[in-house]
file entry.pdb (PDB, C-alpha atoms)
ATOM      1  CA  MET A  21      15.046  65.427  83.790
ATOM      2  CA  ASN A  22      17.263  63.898  81.119
ATOM      3  CA  PRO A  23      15.087  61.308  79.254
ATOM      4  CA  LEU A  24      17.896  58.731  79.484
ATOM      5  CA  ILE A  25      18.122  59.082  83.251
ATOM      6  CA  ARG A  26      14.336  59.072  83.509
ATOM      7  CA  ASN A  27      14.165  55.814  81.520
ATOM      8  CA  ILE A  28      16.773  54.218  83.758
ATOM      9  CA  SER A  29      15.077  55.423  86.927
ATOM     10  CA  GLU A  30      11.776  53.991  85.711
ATOM     11  CA  LEU A  31      13.224  50.493  85.372
ATOM     12  CA  ASP A  32      11.462  47.941  87.559
ATOM     13  CA  ARG A  33      13.747  47.527  90.604
ATOM     14  CA  VAL A  34      12.413  44.064  91.374
ATOM     15  CA  ILE A  35      13.485  42.763  87.962
ATOM     16  CA  HIS A  36      16.576  44.934  87.531
ATOM     17  CA  GLU A  37      18.636  43.060  90.132
ATOM     18  CA  PRO A  38      20.945  40.717  88.098
ATOM     19  CA  GLY A  39      19.957  37.486  89.870
ATOM     20  CA  ARG A  40      16.241  38.157  89.496
ATOM     21  CA  LEU A  41      16.725  39.306  85.916
ATOM     22  CA  MET A  42      18.288  35.917  85.097
ATOM     23  CA  ILE A  43      15.392  34.100  86.756
ATOM     24  CA  VAL A  44      12.693  36.148  85.047
ATOM     25  CA  SER A  45      14.428  35.861  81.644
ATOM     26  CA  LEU A  46      14.632  32.085  81.968
ATOM     27  CA  LEU A  47      11.038  31.731  83.146
ATOM     28  CA  SER A  48       9.712  34.004  80.402
ATOM     29  CA  ALA A  49      11.002  31.545  77.782
ATOM     30  CA  VAL A  50       9.240  28.502  79.227
ATOM     31  CA  GLU A  51       5.832  27.485  80.500
ATOM     32  CA  ALA A  52       7.305  26.382  83.854
ATOM     33  CA  ALA A  53      10.580  25.153  85.312
ATOM     34  CA  ASP A  54      11.668  23.682  88.597
ATOM     35  CA  PHE A  55      14.012  25.045  91.254
ATOM     36  CA  LEU A  56      16.842  22.696  90.221
ATOM     37  CA  TYR A  57      16.760  23.922  86.622
ATOM     38  CA  LEU A  58      16.983  27.566  87.728
ATOM     39  CA  GLN A  59      19.829  26.693  90.063
ATOM     40  CA  HIS A  60      21.652  24.875  87.259
ATOM     41  CA  GLU A  61      21.239  27.692  84.728
ATOM     42  CA  THR A  62      21.873  30.656  87.015
ATOM     43  CA  GLY A  63      24.638  29.155  89.134
ATOM     44  CA  LEU A  64      23.059  30.700  92.256
ATOM     45  CA  ASN A  65      23.130  28.796  95.516
ATOM     46  CA  LYS A  66      19.903  27.556  97.114
ATOM     47  CA  GLY A  67      19.654  30.342  99.681
ATOM     48  CA  THR A  68      20.187  33.169  97.224
ATOM     49  CA  LEU A  69      17.830  31.634  94.683
ATOM     50  CA  SER A  70      15.132  31.126  97.338
ATOM     51  CA  SER A  71      15.509  34.724  98.487
ATOM     52  CA  HIS A  72      15.133  36.059  94.930
ATOM     53  CA  LEU A  73      12.142  33.829  94.283
ATOM     54  CA  SER A  74      10.460  35.045  97.478
ATOM     55  CA  LYS A  75      10.864  38.656  96.351
ATOM     56  CA  LEU A  76       9.477  37.826  92.906
ATOM     57  CA  GLU A  77       6.560  35.976  94.508
ATOM     58  CA  GLU A  78       5.841  38.932  96.819
ATOM     59  CA  ALA A  79       5.723  41.208  93.770
ATOM     60  CA  GLY A  80       3.235  38.828  92.140
ATOM     61  CA  TYR A  81       5.644  38.055  89.298
ATOM     62  CA  VAL A  82       6.213  34.371  90.004
ATOM     63  CA  GLU A  83       3.910  31.562  91.017
ATOM     64  CA  ILE A  84       5.471  28.838  93.149
ATOM     65  CA  ALA A  85       3.916  25.371  93.373
ATOM     66  CA  LYS A  86       5.352  22.680  95.609
ATOM     67  CA  SER A  87       4.635  19.072  94.747
ATOM     68  CA  PHE A  88       6.223  15.627  94.636
ATOM     69  CA  ARG A  89       7.700  13.799  91.654
ATOM     70  CA  GLY A  90       7.495  10.274  92.937
ATOM     71  CA  LYS A  91       8.995  10.566  96.415
ATOM     72  CA  VAL A  92      11.138  13.559  95.537
ATOM     73  CA  PRO A  93       9.858  17.036  96.447
ATOM     74  CA  GLN A  94       9.697  19.392  93.500
ATOM     75  CA  THR A  95       9.242  23.159  93.415
ATOM     76  CA  VAL A  96       7.818  24.346  90.104
ATOM     77  CA  LEU A  97       8.051  28.011  89.169
ATOM     78  CA  LYS A  98       5.978  29.868  86.652
ATOM     79  CA  LEU A  99       5.930  33.488  85.525
ATOM     80  CA  THR A 100       2.507  35.052  86.169
ATOM     81  CA  PRO A 101       0.818  37.249  83.510
ATOM     82  CA  THR A 102       1.749  40.258  85.695
ATOM     83  CA  GLY A 103       5.361  39.072  85.741
ATOM     84  CA  ALA A 104       5.397  38.551  81.988
ATOM     85  CA  GLU A 105       3.988  42.035  81.395
ATOM     86  CA  ALA A 106       6.475  43.578  83.857
ATOM     87  CA  PHE A 107       9.364  41.839  82.070
ATOM     88  CA  GLU A 108       8.176  43.053  78.660
ATOM     89  CA  GLN A 109       7.940  46.600  79.983
ATOM     90  CA  TYR A 110      11.379  46.272  81.568
ATOM     91  CA  ARG A 111      12.886  45.182  78.249
ATOM     92  CA  ARG A 112      11.196  48.024  76.376
ATOM     93  CA  LYS A 113      12.442  50.608  78.864
ATOM     94  CA  LEU A 114      15.933  49.129  78.932
ATOM     95  CA  LYS A 115      16.079  49.207  75.137
ATOM     96  CA  ALA A 116      14.960  52.849  75.155
ATOM     97  CA  ALA A 117      17.532  53.693  77.817
ATOM     98  CA  LEU A 118      20.366  52.051  75.869
TER      99      LEU A 118
ATOM    100  CA  MET B   8      22.707  43.846  79.204
ATOM    101  CA  SER B   9      20.451  43.016  76.279
ATOM    102  CA  PRO B  10      22.686  40.288  74.772
ATOM    103  CA  GLN B  11      22.815  38.706  78.251
ATOM    104  CA  ILE B  12      19.014  38.749  78.475
ATOM    105  CA  ASN B  13      18.828  37.217  74.994
ATOM    106  CA  ASP B  14      21.273  34.536  76.103
ATOM    107  CA  TYR B  15      19.038  33.619  79.038
ATOM    108  CA  LEU B  16      15.964  33.701  76.813
ATOM    109  CA  THR B  17      17.502  31.113  74.464
ATOM    110  CA  ARG B  18      18.942  28.847  77.165
ATOM    111  CA  PRO B  19      15.778  26.753  77.635
ATOM    112  CA  LYS B  20      15.819  25.821  73.927
ATOM    113  CA  ARG B  21      19.477  24.821  74.182
ATOM    114  CA  TYR B  22      18.662  22.857  77.331
ATOM    115  CA  PHE B  23      16.413  20.547  75.326
ATOM    116  CA  ASN B  24      19.455  18.773  73.852
ATOM    117  CA  ILE B  25      21.790  19.184  76.834
ATOM    118  CA  ASP B  26      21.712  15.390  77.271
ATOM    119  CA  GLY B  27      21.912  14.618  73.529
ATOM    120  CA  VAL B  28      18.481  12.985  73.633
ATOM    121  CA  GLY B  29      17.190  15.083  70.715
ATOM    122  CA  GLU B  30      20.044  13.825  68.547
ATOM    123  CA  LEU B  31      19.753  10.260  69.811
ATOM    124  CA  SER B  32      16.105  10.049  68.760
ATOM    125  CA  THR B  33      16.721  11.846  65.417
ATOM    126  CA  GLY B  34      19.702   9.610  64.659
ATOM    127  CA  LEU B  35      17.829   6.476  65.668
ATOM    128  CA  MET B  36      14.904   7.423  63.456
ATOM    129  CA  ALA B  37      17.176   8.049  60.436
ATOM    130  CA  LEU B  38      19.209   4.901  61.054
ATOM    131  CA  GLY B  39      16.036   2.817  61.458
ATOM    132  CA  PHE B  40      14.547   4.023  58.196
ATOM    133  CA  GLY B  41      17.897   3.629  56.448
ATOM    134  CA  LEU B  42      18.151   0.026  57.657
ATOM    135  CA  LEU B  43      14.607  -0.772  56.567
ATOM    136  CA  GLN B  44      15.262   0.690  53.119
ATOM    137  CA  TYR B  45      18.535  -1.213  52.909
ATOM    138  CA  LEU B  46      16.744  -4.468  53.783
ATOM    139  CA  GLN B  47      14.103  -3.670  51.164
ATOM    140  CA  ILE B  48      16.564  -3.094  48.331
ATOM    141  CA  SER B  49      18.888  -5.936  49.287
ATOM    142  CA  ASN B  50      16.129  -8.579  49.429
ATOM    143  CA  PRO B  51      13.892  -9.980  46.657
ATOM    144  CA  PRO B  52      10.738  -7.979  45.779
ATOM    145  CA  GLY B  53       8.304 -10.326  47.579
ATOM    146  CA  SER B  54      10.322 -10.488  50.807
ATOM    147  CA  VAL B  55       8.865  -9.713  54.207
ATOM    148  CA  TRP B  56      10.790  -6.423  54.270
ATOM    149  CA  SER B  57       8.849  -5.051  51.316
ATOM    150  CA  SER B  58       5.462  -5.823  52.859
ATOM    151  CA  THR B  59       3.193  -2.979  53.977
ATOM    152  CA  TYR B  60       2.592  -4.727  57.314
ATOM    153  CA  THR B  61       6.337  -4.750  57.993
ATOM    154  CA  LEU B  62       6.510  -1.062  57.171
ATOM    155  CA  PHE B  63       3.662  -0.269  59.590
ATOM    156  CA  ALA B  64       5.125  -2.477  62.320
ATOM    157  CA  PHE B  65       8.578  -0.952  61.811
ATOM    158  CA  VAL B  66       7.242   2.605  61.884
ATOM    159  CA  GLY B  67       5.162   1.770  64.975
ATOM    160  CA  VAL B  68       8.132   0.336  66.882
ATOM    161  CA  LEU B  69      10.429   3.167  65.821
ATOM    162  CA  ALA B  70       7.838   5.826  66.713
ATOM    163  CA  ALA B  71       7.283   4.211  70.133
ATOM    164  CA  ILE B  72      11.033   4.063  70.863
ATOM    165  CA  THR B  73      11.681   7.638  69.751
ATOM    166  CA  HIS B  74       8.639   8.904  71.663
ATOM    167  CA  TYR B  75       8.905   7.050  74.966
ATOM    168  CA  GLY B  76      12.699   6.614  75.036
ATOM    169  CA  PRO B  77      13.555  10.328  75.307
ATOM    170  CA  ARG B  78      10.741  10.817  77.834
ATOM    171  CA  ALA B  79      12.126   8.037  80.010
ATOM    172  CA  ILE B  80      15.674   9.448  79.820
ATOM    173  CA  LYS B  81      14.450  12.943  80.679
ATOM    174  CA  GLN B  82      12.281  11.651  83.515
ATOM    175  CA  HIS B  83      14.837   9.363  85.153
ATOM    176  CA  ILE B  84      18.165  10.997  84.290
ATOM    177  CA  THR B  85      17.956  14.613  83.104
ATOM    178  CA  TYR B  86      15.284  16.108  85.380
ATOM    179  CA  PRO B  87      16.765  14.697  88.624
ATOM    180  CA  ARG B  88      20.240  15.957  87.645
ATOM    181  CA  THR B  89      19.783  19.380  86.071
ATOM    182  CA  GLY B  90      16.102  20.151  86.429
ATOM    183  CA  TYR B  91      12.725  20.021  84.793
ATOM    184  CA  VAL B  92      11.447  22.377  82.101
ATOM    185  CA  GLN B  93       7.959  22.532  80.679
ATOM    186  CA  TYR B  94       8.131  24.182  77.285
ATOM    187  CA  LYS B  95       5.547  26.560  75.878
ATOM    188  CA  ASP B  96       3.126  25.009  73.459
ATOM    189  CA  GLU B  97       4.380  26.138  70.072
ATOM    190  CA  GLY B  98       2.307  23.574  68.190
ATOM    191  CA  LYS B  99       0.812  26.037  65.697
ATOM    192  CA  ALA B 100       4.148  27.667  64.837
ATOM    193  CA  ARG B 101       5.751  24.229  64.451
ATOM    194  CA  LEU B 102       2.928  23.017  62.195
ATOM    195  CA  ALA B 103       3.254  26.147  60.049
ATOM    196  CA  ALA B 104       7.029  25.594  59.742
ATOM    197  CA  ILE B 105       6.494  21.943  58.752
ATOM    198  CA  ALA B 106       3.827  22.933  56.209
ATOM    199  CA  ILE B 107       6.171  25.506  54.647
ATOM    200  CA  ALA B 108       9.034  22.971  54.554
ATOM    201  CA  VAL B 109       6.810  20.316  52.913
ATOM    202  CA  LEU B 110       5.522  22.865  50.398
ATOM    203  CA  LEU B 111       9.056  23.946  49.512
ATOM    204  CA  ALA B 112      10.145  20.303  49.182
ATOM    205  CA  MET B 113       7.198  19.563  46.882
ATOM    206  CA  VAL B 114       7.890  22.618  44.704
ATOM    207  CA  THR B 115      11.591  21.654  44.477
ATOM    208  CA  ALA B 116      10.767  18.020  43.689
ATOM    209  CA  GLY B 117       8.232  19.135  41.057
ATOM    210  CA  ALA B 118      10.758  21.434  39.444
ATOM    211  CA  LEU B 119      13.319  18.617  39.414
ATOM    212  CA  VAL B 120      10.891  16.130  37.889
ATOM    213  CA  ARG B 121      10.088  18.587  35.118
ATOM    214  CA  SER B 122      13.738  19.139  34.291
ATOM    215  CA  ARG B 123      15.432  16.290  32.418
ATOM    216  CA  GLY B 124      17.950  14.391  34.526
ATOM    217  CA  GLY B 125      17.062  16.446  37.573
ATOM    218  CA  PHE B 126      16.698  13.380  39.780
ATOM    219  CA  SER B 127      20.451  13.041  40.122
ATOM    220  CA  ALA B 128      20.564  16.290  42.110
ATOM    221  CA  LEU B 129      17.835  15.173  44.520
ATOM    222  CA  PRO B 130      19.994  13.249  47.072
ATOM    223  CA  ALA B 131      22.472  16.147  47.289
ATOM    224  CA  LEU B 132      19.641  18.637  47.849
ATOM    225  CA  VAL B 133      17.980  16.442  50.496
ATOM    226  CA  GLY B 134      21.368  15.881  52.176
ATOM    227  CA  LEU B 135      22.192  19.581  52.256
ATOM    228  CA  ALA B 136      18.724  20.375  53.616
ATOM    229  CA  VAL B 137      19.202  17.812  56.435
ATOM    230  CA  ALA B 138      22.695  19.174  57.212
ATOM    231  CA  ALA B 139      21.291  22.720  57.312
ATOM    232  CA  SER B 140      18.441  21.606  59.601
ATOM    233  CA  TYR B 141      20.980  19.928  61.910
ATOM    234  CA  ALA B 142      23.092  23.098  61.981
ATOM    235  CA  TYR B 143      20.018  25.164  62.834
ATOM    236  CA  GLY B 144      18.563  22.748  65.355
ATOM    237  CA  PHE B 145      21.649  21.453  67.177
ATOM    238  CA  ALA B 146      24.940  23.030  66.089
ATOM    239  CA  ARG B 147      24.023  26.611  66.986
ATOM    240  CA  ALA B 148      23.916  25.688  70.655
ATOM    241  CA  VAL B 149      27.219  23.790  70.928
ATOM    242  CA  ARG B 150      30.336  24.851  69.062
ATOM    243  CA  TRP B 151      31.864  21.422  68.381
ATOM    244  CA  LYS B 152      28.648  20.273  66.697
ATOM    245  CA  TRP B 153      29.546  22.515  63.760
ATOM    246  CA  PHE B 154      32.096  19.819  62.903
ATOM    247  CA  VAL B 155      29.223  17.337  62.804
ATOM    248  CA  ALA B 156      27.247  19.696  60.541
ATOM    249  CA  ILE B 157      30.288  20.015  58.243
ATOM    250  CA  ALA B 158      30.748  16.218  58.265
ATOM    251  CA  LEU B 159      27.079  15.784  57.313
ATOM    252  CA  THR B 160      27.455  18.279  54.456
ATOM    253  CA  LEU B 161      30.673  16.704  53.127
ATOM    254  CA  GLY B 162      29.205  13.212  53.512
ATOM    255  CA  ALA B 163      26.066  14.217  51.580
ATOM    256  CA  LEU B 164      28.184  15.688  48.782
ATOM    257  CA  ALA B 165      30.526  12.663  48.699
ATOM    258  CA  ILE B 166      27.606  10.195  48.519
ATOM    259  CA  SER B 167      26.021  12.296  45.748
ATOM    260  CA  ALA B 168      29.293  12.153  43.823
ATOM    261  CA  LEU B 169      29.528   8.325  43.916
ATOM    262  CA  PRO B 170      29.456   6.724  40.426
ATOM    263  CA  ALA B 171      25.810   6.234  39.414
ATOM    264  CA  ASP B 172      26.427   2.757  37.936
ATOM    265  CA  ALA B 173      28.060   1.411  41.075
ATOM    266  CA  VAL B 174      25.269   2.744  43.287
ATOM    267  CA  ALA B 175      22.595   1.404  40.903
ATOM    268  CA  ASP B 176      24.230  -2.046  40.992
ATOM    269  CA  TRP B 177      24.313  -1.954  44.786
ATOM    270  CA  ALA B 178      20.686  -0.824  45.073
ATOM    271  CA  ASP B 179      18.959  -3.705  43.295
ATOM    272  CA  PRO B 180      16.241  -1.964  41.272
ATOM    273  CA  THR B 181      14.011  -5.022  40.752
ATOM    274  CA  TRP B 182      11.416  -3.996  43.333
ATOM    275  CA  LEU B 183      11.357  -0.391  42.179
ATOM    276  CA  ASP B 184       8.345   0.540  40.135
ATOM    277  CA  GLY B 185       8.283   4.205  41.107
ATOM    278  CA  PRO B 186       9.728   7.109  39.147
ATOM    279  CA  PHE B 187      13.102   7.187  40.949
ATOM    280  CA  PRO B 188      16.160   5.602  39.291
ATOM    281  CA  ALA B 189      18.036   2.952  41.323
ATOM    282  CA  SER B 190      21.115   5.190  41.623
ATOM    283  CA  VAL B 191      19.014   7.879  43.328
ATOM    284  CA  VAL B 192      17.391   5.346  45.690
ATOM    285  CA  GLY B 193      20.811   3.871  46.505
ATOM    286  CA  ARG B 194      22.292   7.279  47.290
ATOM    287  CA  TYR B 195      19.264   8.149  49.389
ATOM    288  CA  VAL B 196      19.605   4.933  51.424
ATOM    289  CA  LEU B 197      23.349   5.458  51.910
ATOM    290  CA  MET B 198      22.744   9.041  52.978
ATOM    291  CA  THR B 199      20.019   8.058  55.453
ATOM    292  CA  LEU B 200      22.317   5.439  57.003
ATOM    293  CA  PHE B 201      25.238   7.896  57.124
ATOM    294  CA  PHE B 202      23.139  10.655  58.691
ATOM    295  CA  GLY B 203      21.616   8.238  61.192
ATOM    296  CA  LEU B 204      25.000   6.912  62.320
ATOM    297  CA  THR B 205      26.631  10.353  62.479
ATOM    298  CA  ILE B 206      23.825  12.032  64.417
ATOM    299  CA  LEU B 207      23.494   9.016  66.716
ATOM    300  CA  ALA B 208      27.249   9.162  67.434
ATOM    301  CA  SER B 209      27.060  12.881  68.151
ATOM    302  CA  GLY B 210      24.087  12.319  70.476
ATOM    303  CA  GLY B 211      25.933   9.459  72.181
ATOM    304  CA  ILE B 212      28.998  11.634  72.827
ATOM    305  CA  THR B 213      26.772  14.403  74.213
ATOM    306  CA  PHE B 214      24.920  11.932  76.437
ATOM    307  CA  ALA B 215      28.162  10.400  77.749
ATOM    308  CA  HIS B 216      29.564  13.887  78.421
ATOM    309  CA  TYR B 217      26.358  14.883  80.199
ATOM    310  CA  LEU B 218      26.496  11.807  82.421
ATOM    311  CA  SER B 219      30.145  12.391  83.297
ATOM    312  CA  THR B 220      29.744  16.097  84.101
ATOM    313  CA  THR B 221      26.480  16.099  86.035
ATOM    314  CA  GLN B 222      25.147  14.241  89.038
ATOM    315  CA  ARG B 223      22.024  14.183  91.151
ATOM    316  CA  PRO B 224      22.116  16.674  94.003
ATOM    317  CA  ALA B 225      22.686  14.981  97.348
ATOM    318  CA  PRO B 226      19.403  14.378  99.212
ATOM    319  CA  GLU B 227      18.827  16.790 102.061
ATOM    320  CA  PRO B 228      18.778  15.396 105.609
ATOM    321  CA  GLU B 229      15.254  15.033 106.973
TER     322      GLU B 229
END
call {"tool": "encode", "arguments": {"input": "entry.pdb", "output": "structure tokens"}}
result
Amino acid sequence: MNPLIRNISELDRVIHEPGRLMIVSLLSAVEAADFLYLQHETGLNKGTLSSHLSKLEEAGYVEIAKSFRGKVPQTVLKLTPTGAEAFEQYRRKLKAAL
Amino acid sequence: MSPQINDYLTRPKRYFNIDGVGELSTGLMALGFGLLQYLQISNPPGSVWSSTYTLFAFVGVLAAITHYGPRAIKQHITYPRTGYVQYKDEGKARLAAIAIAVLLAMVTAGALVRSRGGFSALPALVGLAVAASYAYGFARAVRWKWFVAIALTLGALAISALPADAVADWADPTWLDGPFPASVVGRYVLMTLFFGLTILASGGITFAHYLSTTQRPAPEPE
């Protein structure tokens, strides 16, 4: 198989989707961030963002903690070590493919 | 794809000053110190403004305002409107950067002290260093802030070019017993005041713009 095509085919499908790629990129640059911040930066609506976060949580890439800030509910998201490693690998493979 | 990823990777750093709070606290700090120095040079040597206790009290109040003020704004205005971010602890990298900056400043100051008449270049160098730091820290993220960086640079150069005699007359040198000539102290005070006002104004504009363009999301029905 052509190495270029092989590199592309080896890209992590969970991260490769544009919405999830935005989320993982943002979370990789911080310790943690809340749902509102991700919504503000990505421009995704609540439903779409929730759906992407569920997929990332299922893959073990994102940790979701629900709490309250005062009386306001807050959902704090954090990239897990597995997620961070998967993102690094994704970037390496993408760089090789390009 | 890669530039887009890099854009998202740098967004959290840009988000830090989305409300102008970084500039507001930097500007307030500079303006506060500038005002204290102005009060020191414009009052007699034994005045309350020259006392060590005043200096400590002033620094304490200023440090408290610039520490708790931004936190309060973030907590009550920014986080409810555009979200909360917990940044990675980059304490060691920041300390290393500060140590390198201090070392460079000391080497430059030492070289200037050794060269005859070198003091006159000190305010311009300090001003250009502050303008460069502003450009690096704030202007890279928002295009119009390059005008602020240019204004800071031009202001620093203009203040450095003021006639030494006039500045020395303005900055009463009677309380000065250090190595710095009154003209240098006067330029330094003017520059600190100018930087404080300019950065504070830029932060204020950013804050006002943030307030007018963002709002808290509507609460969801229970």
call {"tool": "atom_distance", "arguments": {"input": "entry.pdb", "atom1": "atom CA of A:Leu58", "atom2": "atom CA of A:Ile43"}}
result
6.8 Å
call {"tool": "resolve_selection", "arguments": {"input": "entry.pdb", "expression": "the PyMOL selection byres ((chain A and resi 68) around 12)", "output": "PyMOL selection string"}}
result
chain A and resi 38-40+43+55+58-59+62-67+69-75
call {"tool": "residues_around", "arguments": {"input": "entry.pdb", "residues": "B:Arg78", "least_positions_apart": "5", "cutoff": "12 Å", "atoms": "only C-alpha atoms", "output": "CSV table (one decimal) with C-alpha atoms, in the frame of the given file"}}
result
chain,number,residue,atom,x,y,z
B,23,PHE,CA,16.4,20.5,75.3
B,26,ASP,CA,21.7,15.4,77.3
B,28,VAL,CA,18.5,13.0,73.6
B,29,GLY,CA,17.2,15.1,70.7
B,32,SER,CA,16.1,10.0,68.8
B,71,ALA,CA,7.3,4.2,70.1
B,72,ILE,CA,11.0,4.1,70.9
B,73,THR,CA,11.7,7.6,69.8
B,83,HIS,CA,14.8,9.4,85.2
B,84,ILE,CA,18.2,11.0,84.3
B,85,THR,CA,18.0,14.6,83.1
B,86,TYR,CA,15.3,16.1,85.4
B,91,TYR,CA,12.7,20.0,84.8
call {"tool": "interface_residues", "arguments": {"input": "entry.pdb", "of": "chain A", "to": "chain B", "cutoff": "10 Å", "atoms": "only C-alpha atoms", "output": "JSON, numbers by chain"}}
result
{"A": [38, 41, 42, 43, 44, 45, 46, 47, 48, 49, 50, 51, 52, 53, 54, 55, 56, 57, 58, 59, 60, 61, 62, 89, 92, 94, 95, 96, 97, 98, 111, 114, 115, 118]}
call {"tool": "atom_distance", "arguments": {"input": "entry.pdb", "atom1": "atom CA of B:Val196", "atom2": "atom CA of B:Leu42"}}
result
8.1 Å
call {"tool": "atom_distance", "arguments": {"input": "entry.pdb", "atom1": "atom CA of B:Leu35", "atom2": "atom CA of A:Gly90"}}
result
29.4 Å
